[in-house]
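Q: File name model11.txt; file contents compact mmCIF, N, CA, C and O atoms; full text below.
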```txt
# COMPACT_ATOMS: atom_id res chain seq x y z
N MET F 22 0.83 -1.16 0.00
CA MET F 22 0.00 0.00 0.00
C MET F 22 0.89 1.23 0.00
O MET F 22 1.84 1.32 0.75
N SER F 23 0.55 2.20 -0.81
CA SER F 23 1.36 3.39 -0.98
C SER F 23 0.52 4.63 -0.69
O SER F 23 -0.60 4.75 -1.17
N SER F 24 1.07 5.52 0.14
CA SER F 24 0.34 6.73 0.52
C SER F 24 1.31 7.86 0.79
O SER F 24 2.37 7.64 1.35
N PRO F 25 0.91 9.11 0.42
CA PRO F 25 1.72 10.25 0.83
C PRO F 25 1.37 10.67 2.26
O PRO F 25 0.21 10.64 2.66
N LEU F 26 2.39 11.02 3.05
CA LEU F 26 2.21 11.56 4.39
C LEU F 26 2.86 12.93 4.42
O LEU F 26 3.93 13.12 3.87
N ARG F 27 2.23 13.87 5.12
CA ARG F 27 2.79 15.21 5.18
C ARG F 27 2.67 15.76 6.58
O ARG F 27 1.68 15.53 7.26
N GLY F 28 3.67 16.52 7.01
CA GLY F 28 3.63 17.22 8.30
C GLY F 28 3.73 18.71 8.07
O GLY F 28 4.58 19.16 7.30
N ASP F 29 2.87 19.48 8.70
CA ASP F 29 2.87 20.93 8.56
C ASP F 29 2.75 21.59 9.92
O ASP F 29 2.47 20.94 10.91
N GLY F 30 2.91 22.91 9.94
CA GLY F 30 2.72 23.68 11.15
C GLY F 30 3.77 23.40 12.21
O GLY F 30 3.54 23.61 13.39
N GLY F 31 4.92 22.91 11.81
CA GLY F 31 5.98 22.58 12.75
C GLY F 31 6.12 21.09 12.98
O GLY F 31 7.14 20.64 13.50
N ALA F 32 5.12 20.30 12.63
CA ALA F 32 5.19 18.85 12.83
C ALA F 32 6.36 18.24 12.05
O ALA F 32 6.95 17.25 12.49
N GLU F 33 6.75 18.86 10.94
CA GLU F 33 7.83 18.31 10.13
C GLU F 33 9.16 18.32 10.87
O GLU F 33 10.07 17.56 10.56
N LEU F 34 9.30 19.18 11.90
CA LEU F 34 10.55 19.26 12.65
C LEU F 34 10.85 17.97 13.40
O LEU F 34 12.01 17.67 13.70
N LEU F 35 9.82 17.19 13.70
CA LEU F 35 10.01 15.91 14.38
C LEU F 35 10.49 14.82 13.43
O LEU F 35 10.86 13.74 13.85
N PHE F 36 10.48 15.13 12.14
CA PHE F 36 10.85 14.16 11.10
C PHE F 36 12.04 14.67 10.29
O PHE F 36 12.03 14.62 9.07
N ASN F 37 13.04 15.19 11.00
CA ASN F 37 14.25 15.72 10.36
C ASN F 37 13.97 16.85 9.38
O ASN F 37 14.68 17.00 8.39
N GLY F 38 12.90 17.60 9.59
CA GLY F 38 12.58 18.73 8.73
C GLY F 38 11.95 18.35 7.39
O GLY F 38 11.70 19.20 6.56
N VAL F 39 11.69 17.06 7.19
CA VAL F 39 11.10 16.61 5.93
C VAL F 39 9.58 16.77 6.03
O VAL F 39 8.94 16.22 6.92
N LYS F 40 9.02 17.57 5.12
CA LYS F 40 7.59 17.86 5.16
C LYS F 40 6.73 16.76 4.56
O LYS F 40 5.61 16.54 5.00
N LYS F 41 7.23 16.10 3.53
CA LYS F 41 6.39 15.14 2.82
C LYS F 41 7.13 13.82 2.66
O LYS F 41 8.29 13.80 2.25
N HIS F 42 6.45 12.74 2.99
CA HIS F 42 6.98 11.40 2.83
C HIS F 42 6.00 10.62 1.96
O HIS F 42 4.80 10.67 2.19
N HIS F 43 6.50 9.93 0.98
CA HIS F 43 5.67 9.01 0.20
C HIS F 43 6.06 7.62 0.67
O HIS F 43 7.20 7.20 0.48
N VAL F 44 5.14 6.94 1.34
CA VAL F 44 5.49 5.66 1.96
C VAL F 44 4.76 4.50 1.31
O VAL F 44 3.63 4.65 0.84
N THR F 45 5.42 3.37 1.30
CA THR F 45 4.81 2.11 0.90
C THR F 45 4.84 1.23 2.14
O THR F 45 5.91 0.89 2.65
N LEU F 46 3.66 0.91 2.63
CA LEU F 46 3.55 0.10 3.85
C LEU F 46 3.69 -1.38 3.50
O LEU F 46 3.23 -1.81 2.44
N PRO F 47 4.29 -2.15 4.40
CA PRO F 47 4.44 -3.58 4.13
C PRO F 47 3.08 -4.27 3.98
O PRO F 47 2.10 -3.87 4.60
N SER F 48 3.06 -5.30 3.17
CA SER F 48 1.83 -6.08 3.00
C SER F 48 1.51 -6.81 4.29
O SER F 48 2.40 -7.25 5.01
N GLN F 49 0.22 -6.93 4.57
CA GLN F 49 -0.24 -7.73 5.71
C GLN F 49 -1.61 -8.26 5.38
O GLN F 49 -2.28 -7.77 4.46
N SER F 50 -2.05 -9.28 6.11
CA SER F 50 -3.31 -9.96 5.79
C SER F 50 -4.52 -9.05 6.00
O SER F 50 -5.49 -9.11 5.24
N GLU F 51 -4.50 -8.22 7.02
CA GLU F 51 -5.61 -7.30 7.29
C GLU F 51 -5.26 -5.91 6.76
O GLU F 51 -4.09 -5.55 6.72
N PRO F 52 -6.26 -5.11 6.38
CA PRO F 52 -5.97 -3.75 5.93
C PRO F 52 -5.30 -2.93 7.04
O PRO F 52 -5.57 -3.13 8.22
N TRP F 53 -4.45 -2.00 6.64
CA TRP F 53 -3.82 -1.09 7.59
C TRP F 53 -4.87 -0.12 8.12
O TRP F 53 -5.72 0.36 7.37
N ASP F 54 -4.79 0.20 9.42
CA ASP F 54 -5.64 1.25 9.97
C ASP F 54 -4.74 2.36 10.52
O ASP F 54 -3.51 2.22 10.56
N MET F 55 -5.35 3.45 10.94
CA MET F 55 -4.57 4.60 11.41
C MET F 55 -3.77 4.27 12.67
O MET F 55 -2.66 4.77 12.84
N LYS F 56 -4.29 3.43 13.52
CA LYS F 56 -3.56 3.07 14.73
C LYS F 56 -2.25 2.37 14.36
O LYS F 56 -1.19 2.68 14.89
N GLN F 57 -2.33 1.45 13.40
CA GLN F 57 -1.12 0.75 12.95
C GLN F 57 -0.18 1.70 12.23
O GLN F 57 1.04 1.60 12.36
N LEU F 58 -0.74 2.64 11.47
CA LEU F 58 0.10 3.62 10.77
C LEU F 58 0.89 4.47 11.76
O LEU F 58 2.07 4.72 11.55
N LEU F 59 0.26 4.89 12.86
CA LEU F 59 0.97 5.70 13.85
C LEU F 59 2.13 4.92 14.47
O LEU F 59 3.22 5.48 14.68
N VAL F 60 1.94 3.64 14.73
CA VAL F 60 3.04 2.81 15.25
C VAL F 60 4.15 2.73 14.20
O VAL F 60 5.34 2.89 14.51
N TRP F 61 3.78 2.51 12.94
CA TRP F 61 4.78 2.42 11.87
C TRP F 61 5.54 3.74 11.73
O TRP F 61 6.77 3.74 11.57
N ILE F 62 4.84 4.85 11.82
CA ILE F 62 5.50 6.17 11.73
C ILE F 62 6.50 6.33 12.87
O ILE F 62 7.63 6.78 12.64
N GLN F 63 6.11 5.96 14.09
CA GLN F 63 7.02 6.08 15.23
C GLN F 63 8.29 5.26 15.02
O GLN F 63 9.39 5.70 15.33
N ARG F 64 8.14 4.07 14.48
CA ARG F 64 9.29 3.17 14.31
C ARG F 64 10.16 3.52 13.11
O ARG F 64 11.35 3.22 13.10
N ASN F 65 9.56 4.13 12.08
CA ASN F 65 10.28 4.30 10.82
C ASN F 65 10.56 5.74 10.40
O ASN F 65 11.49 5.96 9.63
N LEU F 66 9.77 6.69 10.85
CA LEU F 66 9.95 8.07 10.38
C LEU F 66 10.25 9.08 11.48
O LEU F 66 10.99 10.02 11.24
N LEU F 67 9.69 8.90 12.64
CA LEU F 67 9.83 9.88 13.72
C LEU F 67 11.27 9.88 14.21
O LEU F 67 11.78 8.85 14.64
N LYS F 68 11.92 11.03 14.13
CA LYS F 68 13.34 11.11 14.44
C LYS F 68 13.63 11.61 15.85
O LYS F 68 14.68 11.32 16.41
N GLU F 69 12.75 12.40 16.42
CA GLU F 69 13.03 12.93 17.75
C GLU F 69 11.75 13.31 18.47
O GLU F 69 10.71 13.47 17.85
N ARG F 70 11.82 13.37 19.77
CA ARG F 70 10.75 13.83 20.65
C ARG F 70 9.38 13.25 20.34
O ARG F 70 8.44 13.97 20.03
N PRO F 71 9.24 11.93 20.41
CA PRO F 71 7.95 11.30 20.10
C PRO F 71 6.81 11.81 20.97
O PRO F 71 5.66 11.82 20.54
N GLU F 72 7.13 12.28 22.18
CA GLU F 72 6.08 12.80 23.07
C GLU F 72 5.41 14.05 22.51
O GLU F 72 4.31 14.41 22.94
N LEU F 73 6.02 14.70 21.54
CA LEU F 73 5.39 15.86 20.90
C LEU F 73 4.46 15.46 19.76
O LEU F 73 3.75 16.31 19.21
N PHE F 74 4.49 14.18 19.39
CA PHE F 74 3.65 13.71 18.28
C PHE F 74 2.58 12.72 18.74
O PHE F 74 1.44 12.79 18.29
N VAL F 75 2.95 11.80 19.62
CA VAL F 75 2.00 10.77 20.06
C VAL F 75 1.78 10.86 21.56
O VAL F 75 2.63 11.30 22.32
N GLN F 76 0.59 10.42 21.94
CA GLN F 76 0.24 10.29 23.35
C GLN F 76 -0.60 9.03 23.46
O GLN F 76 -1.69 8.96 22.91
N GLY F 77 -0.06 8.03 24.14
CA GLY F 77 -0.74 6.73 24.18
C GLY F 77 -0.74 6.12 22.79
O GLY F 77 0.29 6.06 22.13
N ASP F 78 -1.92 5.69 22.31
CA ASP F 78 -2.02 5.08 20.96
C ASP F 78 -2.32 6.10 19.88
O ASP F 78 -2.45 5.72 18.73
N SER F 79 -2.56 7.34 20.24
CA SER F 79 -3.05 8.32 19.27
C SER F 79 -2.09 9.49 19.14
O SER F 79 -1.04 9.53 19.78
N VAL F 80 -2.46 10.44 18.29
CA VAL F 80 -1.67 11.66 18.21
C VAL F 80 -1.97 12.51 19.43
O VAL F 80 -3.05 12.43 20.01
N ARG F 81 -1.02 13.30 19.80
CA ARG F 81 -1.16 14.17 20.96
C ARG F 81 -2.18 15.27 20.66
O ARG F 81 -2.33 15.67 19.51
N PRO F 82 -2.88 15.75 21.67
CA PRO F 82 -3.79 16.89 21.45
C PRO F 82 -2.99 18.05 20.84
O PRO F 82 -1.85 18.29 21.21
N GLY F 83 -3.60 18.73 19.89
CA GLY F 83 -2.91 19.81 19.20
C GLY F 83 -2.36 19.40 17.85
O GLY F 83 -1.84 20.23 17.11
N ILE F 84 -2.46 18.12 17.50
CA ILE F 84 -2.09 17.65 16.16
C ILE F 84 -3.38 17.36 15.41
O ILE F 84 -4.15 16.49 15.79
N LEU F 85 -3.62 18.13 14.38
CA LEU F 85 -4.78 17.92 13.52
C LEU F 85 -4.41 16.89 12.47
O LEU F 85 -3.35 16.98 11.85
N VAL F 86 -5.26 15.89 12.28
CA VAL F 86 -5.00 14.84 11.30
C VAL F 86 -6.07 14.93 10.22
O VAL F 86 -7.26 14.94 10.50
N LEU F 87 -5.61 15.02 8.98
CA LEU F 87 -6.51 15.04 7.82
C LEU F 87 -6.24 13.80 6.97
O LEU F 87 -5.09 13.45 6.72
N ILE F 88 -7.31 13.16 6.57
CA ILE F 88 -7.23 12.03 5.64
C ILE F 88 -7.97 12.46 4.38
O ILE F 88 -9.18 12.72 4.43
N ASN F 89 -7.24 12.59 3.30
CA ASN F 89 -7.83 13.06 2.03
C ASN F 89 -8.58 14.37 2.24
O ASN F 89 -9.71 14.55 1.79
N ASP F 90 -7.95 15.29 2.98
CA ASP F 90 -8.46 16.64 3.25
C ASP F 90 -9.67 16.68 4.18
O ASP F 90 -10.31 17.71 4.32
N ALA F 91 -10.02 15.57 4.83
CA ALA F 91 -11.14 15.55 5.78
C ALA F 91 -10.60 15.26 7.18
O ALA F 91 -9.67 14.45 7.34
N ASP F 92 -11.17 15.91 8.18
CA ASP F 92 -10.77 15.68 9.56
C ASP F 92 -10.95 14.20 9.89
O ASP F 92 -12.00 13.61 9.64
N TRP F 93 -9.92 13.60 10.47
CA TRP F 93 -9.98 12.17 10.74
C TRP F 93 -11.08 11.81 11.72
O TRP F 93 -11.51 10.67 11.77
N GLU F 94 -11.57 12.78 12.51
CA GLU F 94 -12.68 12.51 13.43
C GLU F 94 -13.94 12.11 12.66
O GLU F 94 -14.77 11.37 13.16
N LEU F 95 -14.06 12.59 11.43
CA LEU F 95 -15.20 12.24 10.58
C LEU F 95 -15.00 10.89 9.88
O LEU F 95 -15.94 10.34 9.32
N MET F 96 -13.76 10.40 9.92
CA MET F 96 -13.41 9.19 9.18
C MET F 96 -13.26 7.96 10.08
O MET F 96 -12.98 6.88 9.59
N GLY F 97 -13.39 8.14 11.39
CA GLY F 97 -13.26 7.00 12.31
C GLY F 97 -11.97 7.00 13.12
O GLY F 97 -11.69 6.03 13.82
N GLU F 98 -11.19 8.06 13.01
CA GLU F 98 -9.93 8.21 13.75
C GLU F 98 -9.04 6.98 13.64
O GLU F 98 -8.71 6.56 12.54
N LEU F 99 -8.68 6.37 14.76
CA LEU F 99 -7.72 5.26 14.76
C LEU F 99 -8.23 4.03 14.02
O LEU F 99 -7.43 3.21 13.55
N ASP F 100 -9.55 3.88 13.89
CA ASP F 100 -10.12 2.70 13.23
C ASP F 100 -10.21 2.83 11.72
O ASP F 100 -10.52 1.85 11.04
N TYR F 101 -9.93 4.03 11.18
CA TYR F 101 -10.04 4.22 9.73
C TYR F 101 -9.10 3.26 9.02
O TYR F 101 -7.90 3.19 9.31
N GLN F 102 -9.63 2.50 8.05
CA GLN F 102 -8.82 1.59 7.26
C GLN F 102 -8.27 2.32 6.05
O GLN F 102 -9.03 2.84 5.23
N LEU F 103 -6.96 2.36 5.98
CA LEU F 103 -6.28 3.08 4.90
C LEU F 103 -6.54 2.43 3.55
O LEU F 103 -6.59 1.20 3.43
N GLN F 104 -6.69 3.27 2.55
CA GLN F 104 -6.84 2.84 1.16
C GLN F 104 -5.58 3.24 0.40
O GLN F 104 -4.92 4.22 0.76
N ASP F 105 -5.27 2.51 -0.65
CA ASP F 105 -4.12 2.86 -1.47
C ASP F 105 -4.26 4.30 -1.95
O ASP F 105 -5.35 4.73 -2.36
N GLN F 106 -3.20 5.05 -1.86
CA GLN F 106 -3.12 6.45 -2.30
C GLN F 106 -3.84 7.45 -1.38
O GLN F 106 -4.03 8.59 -1.75
N ASP F 107 -4.26 7.02 -0.18
CA ASP F 107 -4.80 7.99 0.78
C ASP F 107 -3.73 9.04 1.06
O ASP F 107 -2.53 8.73 1.11
N ASN F 108 -4.16 10.26 1.26
CA ASN F 108 -3.27 11.35 1.61
C ASN F 108 -3.52 11.69 3.08
O ASN F 108 -4.62 12.11 3.44
N VAL F 109 -2.51 11.48 3.92
CA VAL F 109 -2.64 11.71 5.36
C VAL F 109 -1.74 12.88 5.73
O VAL F 109 -0.55 12.89 5.41
N VAL F 110 -2.31 13.89 6.41
CA VAL F 110 -1.58 15.09 6.79
C VAL F 110 -1.69 15.29 8.29
O VAL F 110 -2.78 15.16 8.86
N PHE F 111 -0.56 15.60 8.91
CA PHE F 111 -0.50 15.92 10.34
C PHE F 111 -0.10 17.38 10.47
O PHE F 111 0.95 17.78 9.97
N ILE F 112 -0.94 18.17 11.13
CA ILE F 112 -0.68 19.61 11.27
C ILE F 112 -0.64 19.94 12.76
O ILE F 112 -1.60 19.69 13.48
N SER F 113 0.47 20.53 13.19
CA SER F 113 0.58 20.97 14.56
C SER F 113 -0.17 22.30 14.70
O SER F 113 0.07 23.24 13.96
N THR F 114 -1.09 22.35 15.68
CA THR F 114 -1.81 23.60 15.92
C THR F 114 -1.25 24.32 17.14
O THR F 114 -1.77 25.34 17.55
N LEU F 115 -0.19 23.76 17.73
CA LEU F 115 0.44 24.36 18.90
C LEU F 115 1.66 25.15 18.45
O LEU F 115 2.50 24.64 17.71
N HIS F 116 1.76 26.37 18.91
CA HIS F 116 2.87 27.23 18.53
C HIS F 116 3.47 27.83 19.80
O HIS F 116 2.74 28.25 20.69
N GLY F 117 4.78 27.84 19.86
CA GLY F 117 5.47 28.44 21.00
C GLY F 117 5.33 29.95 20.99
O GLY F 117 5.00 30.56 19.97
N GLY F 118 5.57 30.56 22.11
CA GLY F 118 5.37 32.00 22.17
C GLY F 118 6.55 32.75 22.61
O GLY F 118 7.62 32.46 22.80
```
Now that the file is in, can you turn its structure into structure tokens?

A:
Amino acid sequence: MSSPLRGDGGAELLFNGVKKHHVTLPSQSEPWDMKQLLVWIQRNLLKERPELFVQGDSVRPGILVLINDADWELMGELDYQLQDQDNVVFISTLHGG
């Protein structure tokens, strides 16, 4: 399965400053869901300070997640089953002062 991932609003700083990743997820018997994607991101892409991106099994409060330009809350959040070519965006809404 292949999907573009993007970090904006400062979220890209946790991924070595790379804003956009085009990823191909390993094949598995069951479809990938967002919960599994977050684990994969932590293990394969997240370079520093995971506590600024994840909290428990989900993204930390203040990280807006869009799946194909729709708020993931409308899509089922962690239970959303990823489709080939889904566009997933993580936007940090927290800004230092």

Q: Rounded to one decimal in Å, what is the spacing between atom O of Val75 in chain F and atom N of Leu46 in chain F?

A: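 Atom O of Val75 in chain F sits 22.3 Å away from atom N of Leu46 in chain F.
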
Q: Out of range 39-101 of chain F, which residues get strand (DSSP E or B) from DSSP, as a PyMOL selection string?

A: chain F and resi 41-45+54+75-76+79-80+84-88+91-92

Q: Of the residues F:Ser50, F:Met55, F:Arg70, F:Val110, which is the one nearest to Gly97 in chain F, using only N, CA, C and O atoms?

A: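 Under the stated criterion, the closest residue is F:Met55.
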
Q: Using only N, CA, C and O atoms, find all polymer residues with an atom at most 5 Å away from the point (-1.6, 17.3, 9.8); report them as a PyMOL selection string.

A: chain F and resi 27+85-87+110-112

Q: Between CA of Lys40 in chain F and CA of Gln106 in chain F, what is the distance in Å, rounded to a tenth?

A: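 These atoms are spaced 17.3 Å apart.
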
Q: What is the atom N of Ile84 in chain F to CA of Thr114 in chain F distance in Å?

A: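 Straight-line distance from atom N of Ile84 in chain F to CA of Thr114 in chain F works out to 5.7 Å.
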